[in-house]
file run.cif (mmCIF, C-alpha atoms)
data_upload
#
loop_
_atom_site.label_atom_id
_atom_site.label_comp_id
_atom_site.auth_asym_id
_atom_site.auth_seq_id
_atom_site.Cartn_x
_atom_site.Cartn_y
_atom_site.Cartn_z
CA MET A 279 156.23 85.80 147.58
CA SER A 280 154.20 88.12 149.74
CA ALA A 281 155.89 89.14 152.98
CA ASN A 282 152.78 88.03 154.87
CA ARG A 283 152.55 84.66 153.20
CA SER A 284 153.60 81.76 155.44
CA PRO A 285 156.02 79.22 153.96
CA LYS A 286 154.58 75.82 153.21
CA VAL A 287 155.19 73.42 156.09
CA LYS A 288 156.20 69.93 155.06
CA PRO A 289 154.26 67.16 156.81
CA LEU A 290 156.05 64.91 159.31
CA MET A 291 156.53 61.40 157.96
CA SER A 292 156.10 58.33 160.13
CA ILE A 293 158.94 55.82 160.04
CA SER A 294 156.34 53.03 160.15
CA LEU A 295 154.93 54.23 156.81
CA PHE A 296 158.35 53.95 155.20
CA ARG A 297 158.84 50.49 156.72
CA THR A 298 155.56 49.37 155.18
CA LEU A 299 156.50 50.85 151.81
CA ILE A 300 159.79 48.94 151.89
CA ALA A 301 157.96 45.73 152.84
CA ILE A 302 155.63 46.13 149.85
CA ALA A 303 158.58 46.64 147.52
CA GLU A 304 160.39 43.59 148.90
CA THR A 305 157.43 41.21 149.10
CA GLY A 306 155.55 42.36 146.01
CA SER A 307 152.07 42.79 147.47
CA PHE A 308 150.02 44.45 150.20
CA SER A 309 149.04 41.05 151.62
CA ALA A 310 152.61 39.79 151.94
CA ALA A 311 153.73 43.13 153.36
CA ALA A 312 150.96 42.94 155.96
CA THR A 313 152.38 39.64 157.19
CA ARG A 314 155.88 41.08 157.41
CA VAL A 315 154.97 44.25 159.33
CA PHE A 316 152.32 42.49 161.45
CA VAL A 317 149.26 44.52 160.49
CA THR A 318 146.14 43.70 158.49
CA HIS A 319 145.87 44.00 154.72
CA ALA A 320 143.44 46.89 155.22
CA ALA A 321 145.92 48.65 157.51
CA VAL A 322 148.62 48.48 154.82
CA GLY A 323 146.25 50.11 152.34
CA GLN A 324 145.38 52.84 154.85
CA GLN A 325 149.03 53.49 155.63
CA MET A 326 149.96 53.86 151.97
CA LYS A 327 147.00 56.15 151.31
CA ARG A 328 148.17 58.32 154.23
CA LEU A 329 151.73 58.38 152.84
CA GLU A 330 150.45 59.43 149.42
CA ASP A 331 148.30 62.15 150.99
CA GLN A 332 151.25 63.47 152.99
CA LEU A 333 153.52 63.53 149.94
CA GLY A 334 150.82 64.79 147.61
CA VAL A 335 151.66 62.21 144.92
CA ALA A 336 150.45 58.77 143.81
CA LEU A 337 152.89 55.97 144.58
CA PHE A 338 150.84 53.03 143.26
CA ASP A 339 149.19 51.95 140.05
CA ARG A 340 145.69 50.93 141.15
CA SER A 341 144.33 50.13 137.70
CA GLU A 342 144.46 46.40 138.45
CA LYS A 343 143.07 44.39 141.36
CA SER A 344 146.38 44.38 143.24
CA PRO A 345 148.07 47.79 143.58
CA ARG A 346 151.61 47.96 142.26
CA LEU A 347 154.31 50.54 142.85
CA ASN A 348 154.49 53.02 140.00
CA GLN A 349 157.76 54.57 138.82
CA LEU A 350 157.62 57.30 141.45
CA GLY A 351 156.92 54.75 144.16
CA LYS A 352 159.84 52.59 143.06
CA ALA A 353 162.09 55.64 143.07
CA LEU A 354 161.02 56.48 146.62
CA VAL A 355 161.93 53.06 148.04
CA PRO A 356 165.75 53.60 148.15
CA LYS A 357 165.16 56.99 149.82
CA ALA A 358 162.87 55.32 152.35
CA ARG A 359 165.55 52.73 153.11
CA GLU A 360 168.05 55.50 153.78
CA VAL A 361 165.65 57.24 156.15
CA VAL A 362 164.84 54.04 158.06
CA ALA A 363 168.52 53.08 158.31
CA ALA A 364 169.39 56.56 159.58
CA TYR A 365 166.59 56.39 162.13
CA ASP A 366 167.63 52.95 163.38
CA THR A 367 171.27 54.04 163.87
CA ILE A 368 170.74 57.68 164.84
CA LEU A 369 172.57 57.42 168.18
CA ASP A 370 175.20 54.82 167.35
CA ASP A 371 177.96 57.31 166.55
CA LEU A 372 177.18 59.42 169.61
CA THR A 373 176.92 56.81 172.35
CA GLY A 374 178.01 53.48 170.92
CA ASP A 375 174.79 52.09 172.42
CA PRO A 376 171.45 53.63 171.40
CA ALA A 377 169.79 52.05 174.45
CA LEU A 378 171.75 54.13 176.94
CA ILE A 379 169.67 57.29 176.69
CA GLY A 380 166.15 58.31 175.73
CA GLU A 381 162.77 56.83 176.62
CA LEU A 382 161.71 53.18 176.65
CA THR A 383 157.98 52.53 176.36
CA LEU A 384 157.42 49.19 178.06
CA GLY A 385 154.17 47.24 177.79
CA ALA A 386 153.23 44.94 180.66
CA VAL A 387 150.30 42.74 181.57
CA PRO A 388 148.70 43.91 184.83
CA SER A 389 149.82 40.90 186.92
CA THR A 390 153.47 41.91 186.43
CA ILE A 391 153.13 45.57 187.41
CA ARG A 392 153.00 45.07 191.19
CA GLY A 393 155.96 42.71 191.42
CA LEU A 394 158.09 41.92 188.38
CA ILE A 395 158.04 45.20 186.47
CA PRO A 396 159.20 47.47 189.35
CA GLN A 397 162.20 45.19 189.92
CA VAL A 398 162.99 45.15 186.19
CA ILE A 399 162.80 48.94 186.01
CA LYS A 400 165.04 49.27 189.06
CA ARG A 401 167.72 47.21 187.32
CA LEU A 402 167.30 49.17 184.09
CA ILE A 403 167.71 52.59 185.64
CA THR A 404 170.61 51.33 187.77
CA ASN A 405 172.47 50.15 184.68
CA TYR A 406 171.28 53.03 182.46
CA PRO A 407 170.63 56.12 184.62
CA GLU A 408 169.87 58.32 181.59
CA LEU A 409 167.04 56.03 180.48
CA ARG A 410 163.43 57.06 181.11
CA VAL A 411 160.82 54.30 181.25
CA ARG A 412 157.12 54.61 180.49
CA VAL A 413 154.91 51.63 181.41
CA THR A 414 151.83 50.82 179.34
CA PRO A 415 149.52 48.15 180.85
CA GLY A 416 147.45 45.82 178.69
CA LEU A 417 146.47 42.23 177.96
CA THR A 418 148.80 40.05 175.89
CA PRO A 419 146.95 40.33 172.52
CA ASP A 420 146.73 44.12 172.82
CA LEU A 421 150.39 44.46 173.82
CA GLN A 422 151.54 42.24 170.97
CA GLU A 423 149.63 44.41 168.53
CA GLN A 424 151.18 47.55 170.03
CA VAL A 425 154.68 46.08 169.69
CA GLU A 426 153.97 45.20 166.07
CA ARG A 427 152.66 48.71 165.37
CA GLY A 428 155.66 50.25 167.11
CA SER A 429 153.60 52.13 169.71
CA VAL A 430 155.55 50.35 172.47
CA ASP A 431 159.23 49.46 172.27
CA ALA A 432 159.01 46.20 174.18
CA ALA A 433 156.52 44.22 176.24
CA VAL A 434 156.52 41.62 179.00
CA LEU A 435 153.66 39.27 178.21
CA SER A 436 152.45 35.69 178.02
CA LYS A 437 153.68 33.74 175.02
CA PRO A 438 151.51 34.87 172.10
CA ALA A 439 149.75 32.33 169.90
CA ARG A 440 151.72 33.66 166.94
CA VAL A 441 155.32 34.83 167.14
CA GLY A 442 156.26 36.64 163.95
CA ARG A 443 159.72 36.17 162.51
CA HIS A 444 160.52 39.83 163.10
CA MET A 445 159.53 39.64 166.76
CA ASN A 446 162.40 39.17 169.19
CA TRP A 447 160.62 36.81 171.60
CA GLN A 448 162.74 35.96 174.66
CA PRO A 449 161.15 33.44 177.08
CA PHE A 450 162.42 33.62 180.64
CA VAL A 451 160.13 31.70 183.01
CA GLU A 452 157.24 29.25 183.08
CA GLU A 453 154.45 29.46 185.67
CA ARG A 454 152.48 26.27 186.38
CA LEU A 455 148.79 26.48 187.09
CA ILE A 456 147.77 26.14 190.75
CA LEU A 457 144.56 26.17 192.74
CA LEU A 458 144.48 29.49 194.59
CA ALA A 459 142.65 29.66 197.93
CA ALA A 460 142.47 31.80 201.05
CA PRO A 461 144.60 30.84 204.09
CA GLU A 462 141.37 29.85 205.88
CA VAL A 463 140.84 26.97 203.45
CA THR A 464 142.38 23.94 205.14
CA GLU A 465 141.26 21.28 202.68
CA ASP A 466 144.08 19.90 200.50
CA ASP A 467 142.07 17.83 198.02
CA PRO A 468 141.34 19.99 194.93
CA ALA A 469 138.29 17.87 194.04
CA ARG A 470 136.67 18.56 197.40
CA ILE A 471 137.58 22.22 197.23
CA PHE A 472 135.94 22.59 193.81
CA ALA A 473 132.86 20.73 195.09
CA THR A 474 132.40 22.92 198.17
CA MET A 475 133.79 26.34 197.28
CA PRO A 476 132.54 28.96 194.78
CA TYR A 477 134.75 29.45 191.73
CA ILE A 478 136.09 32.86 190.72
CA ARG A 479 136.69 32.89 186.99
CA HIS A 480 139.30 34.98 185.21
CA THR A 481 138.03 36.66 182.04
CA THR A 482 138.57 34.55 178.94
CA LYS A 483 139.66 37.67 177.09
CA SER A 484 143.08 37.09 178.66
CA SER A 485 145.58 34.29 178.10
CA VAL A 486 145.34 33.36 181.80
CA GLY A 487 141.58 32.91 181.59
CA ILE A 488 141.85 30.81 178.44
CA LEU A 489 144.57 28.63 179.99
CA ALA A 490 142.51 28.00 183.14
CA GLU A 491 139.39 27.20 181.11
CA ASP A 492 141.32 24.75 178.93
CA TRP A 493 142.58 22.97 182.05
CA LEU A 494 139.11 22.73 183.60
CA VAL A 495 137.72 21.28 180.37
CA ALA A 496 140.61 18.83 180.01
CA GLN A 497 140.09 17.62 183.59
CA LYS A 498 136.28 17.52 183.13
CA ILE A 499 135.85 19.62 186.25
CA GLU A 500 132.55 21.38 186.82
CA VAL A 501 132.77 24.49 188.98
CA ASN A 502 130.25 26.58 190.84
CA ASP A 503 130.76 29.98 189.22
CA MET A 504 130.45 32.87 191.60
CA MET A 505 131.98 35.79 189.70
CA GLU A 506 134.29 36.73 186.86
CA MET A 507 137.17 39.14 187.29
CA GLY A 508 138.96 41.18 184.64
CA SER A 509 142.39 41.12 186.25
CA LEU A 510 144.47 38.62 188.19
CA GLU A 511 145.14 41.19 190.92
CA ASN A 512 141.43 41.77 191.60
CA LEU A 513 140.81 38.04 191.45
CA ALA A 514 143.49 37.45 194.10
CA THR A 515 141.89 40.10 196.30
CA MET A 516 138.54 38.31 196.15
CA VAL A 517 140.21 35.00 196.98
CA ALA A 518 142.03 36.68 199.89
CA HIS A 519 138.60 37.58 201.32
CA ASN A 520 137.66 33.89 201.06
CA LEU A 521 134.91 34.57 198.52
CA GLY A 522 135.98 31.63 196.39
CA VAL A 523 138.87 29.78 194.76
CA SER A 524 140.40 29.95 191.32
CA VAL A 525 142.88 28.33 188.94
CA VAL A 526 145.72 30.69 188.08
CA PRO A 527 149.43 30.65 187.26
CA ASP A 528 151.82 30.59 190.21
CA ILE A 529 153.16 34.13 189.71
CA CYS A 530 156.97 34.18 189.68
CA VAL A 531 157.26 37.60 191.37
CA PRO A 532 154.03 37.92 193.39
CA ASP A 533 152.66 40.99 195.12
CA PRO A 534 152.02 40.74 198.90
CA ILE A 535 148.34 39.77 198.51
CA PHE A 536 149.05 36.92 196.09
CA ASP A 537 152.07 35.82 198.11
CA ALA A 538 149.95 35.35 201.26
CA LEU A 539 147.41 33.02 199.60
CA ARG A 540 147.45 29.22 199.57
CA LYS A 541 148.84 27.68 196.37
CA ILE A 542 147.64 24.09 196.03
CA PRO A 543 149.51 22.15 193.32
CA ARG A 544 147.63 20.22 190.66
CA ALA A 545 148.17 16.53 189.99
CA ASP A 546 149.27 17.18 186.40
CA HIS A 547 151.59 19.80 184.95
CA THR A 548 150.32 19.94 181.38
CA HIS A 549 149.20 23.56 181.51
CA ALA A 550 151.48 26.48 182.28
CA ARG A 551 151.92 30.12 181.36
CA ALA A 552 155.15 30.94 179.54
CA TRP A 553 156.42 34.41 180.31
CA GLY A 554 158.65 36.27 177.94
CA ALA A 555 159.62 39.63 176.54
CA ASP A 556 159.18 40.85 173.00
CA THR A 557 162.29 42.97 173.24
CA GLY A 558 165.98 43.45 172.57
CA ARG A 559 169.12 42.86 174.60
CA LEU A 560 168.59 45.72 177.06
CA LEU A 561 165.33 44.47 178.61
CA GLN A 562 166.21 40.82 178.16
CA ASP A 563 169.25 41.32 180.40
CA ALA A 564 167.25 43.08 183.10
CA VAL A 565 164.42 40.54 183.13
CA GLY A 566 166.46 37.37 182.68
CA ARG A 567 168.83 38.04 185.56
CA LYS A 568 166.12 39.15 187.98
CA ILE A 569 163.76 36.20 187.92
CA ALA A 570 165.79 33.30 186.59
CA ARG A 571 165.00 30.32 188.79
#

call {"tool": "encode", "arguments": {"input": "run.cif", "output": "structure tokens"}}
result
Amino acid sequence: MSANRSPKVKPLMSISLFRTLIAIAETGSFSAAATRVFVTHAAVGQQMKRLEDQLGVALFDRSEKSPRLNQLGKALVPKAREVVAAYDTILDDLTGDPALIGELTLGAVPSTIRGLIPQVIKRLITNYPELRVRVTPGLTPDLQEQVERGSVDAAVLSKPARVGRHMNWQPFVEERLILLAAPEVTEDDPARIFATMPYIRHTTKSSVGILAEDWLVAQKIEVNDMMEMGSLENLATMVAHNLGVSVVPDICVPDPIFDALRKIPRADHTHARAWGADTGRLLQDAVGRKIAR
């Protein structure tokens, strides 16, 4: 080898690629593996193409409609299991608890960041002073996808429509829907309030907006739309300025603006937002103790 020739650098492998490979081997198909690792069928194909490109070898026989592991691919699976097992237990022998040190990437819907999340983080860093926490905001569907992809370690979010069997979903509180109004609103009858006040709608891209819309439809209530807001915090600010009213969950750990508003109960309690964490024991302990009612 020439003295000036640089040695070949081996590409870094993603643990998620190995997890997908193992899922394919155990389920027998890309489609079944997609269900197990919570990605689309197309994403599984893209991941395996990337793994083959990084290794520089073909791992699948693609001569038929459904790709199948070839001999080299089958031989790689036990090695992949060893790598994943080593990754999952890398700190066990050193600390006895891999959650004690390192960085936790925590996803959170925006309405929790001003009240609940700071209190959760305070408990976490009190119990685990070597832990660093990074907060990633997002709506529930986006956060669930990030948890499934492994780009966040855990997330505090509304109960997703689909809870996969590999998701560690831990519910901890339920927030009933209320009619939110400014302190200046003295009327107590929700029907009269809806008839006389503008309605501030929460975006239906979020679980909160969908929940409120479902309730309005179920109650056959027609509202006078004034505006639509993309976040519960901004919506509460508009209500605080008496620009309108809205139907929202009664936030369990409210920020000062939300806390100062009028919360008018509804006659029925059929609609509520279930809060929970897609997480392990570490975050479950911090959240569950803090806001248990």

call {"tool": "resolve_selection", "arguments": {"input": "run.cif", "expression": "the PyMOL selection byres ((chain A and resi 420) around 12)", "output": "count of residues only"}}
result
26

call {"tool": "atom_distance", "arguments": {"input": "run.cif", "atom1": "CA of Val451 in chain A", "atom2": "CA of Trp493 in chain A"}}
result
19.6 Å

call {"tool": "residues_around", "arguments": {"input": "run.cif", "residues": "range 299-307 of chain A", "least_positions_apart": "6", "cutoff": "10 Å", "atoms": "all atoms listed in the file", "output": "PyMOL selection string"}}
result
chain A and resi 293+313-315+319+322+325-326+329+337+344-347+351-352+354-359+362

call {"tool": "closest_residue", "arguments": {"input": "run.cif", "among": "A:Leu295, A:Ile488, A:Leu457, A:Ile471", "to": "Leu333 in chain A", "atoms": "all atoms listed in the file"}}
result
A:Leu295

call {"tool": "closest_residue", "arguments": {"input": "run.cif", "among": "A:Asn405, A:Thr482, A:Ile542, A:Thr515", "to": "Ala469 in chain A", "atoms": "only C-alpha atoms"}}
result
A:Ile542

call {"tool": "atom_distance", "arguments": {"input": "run.cif", "atom1": "CA of Leu382 in chain A", "atom2": "CA of Arg410 in chain A"}}
result
6.2 Å
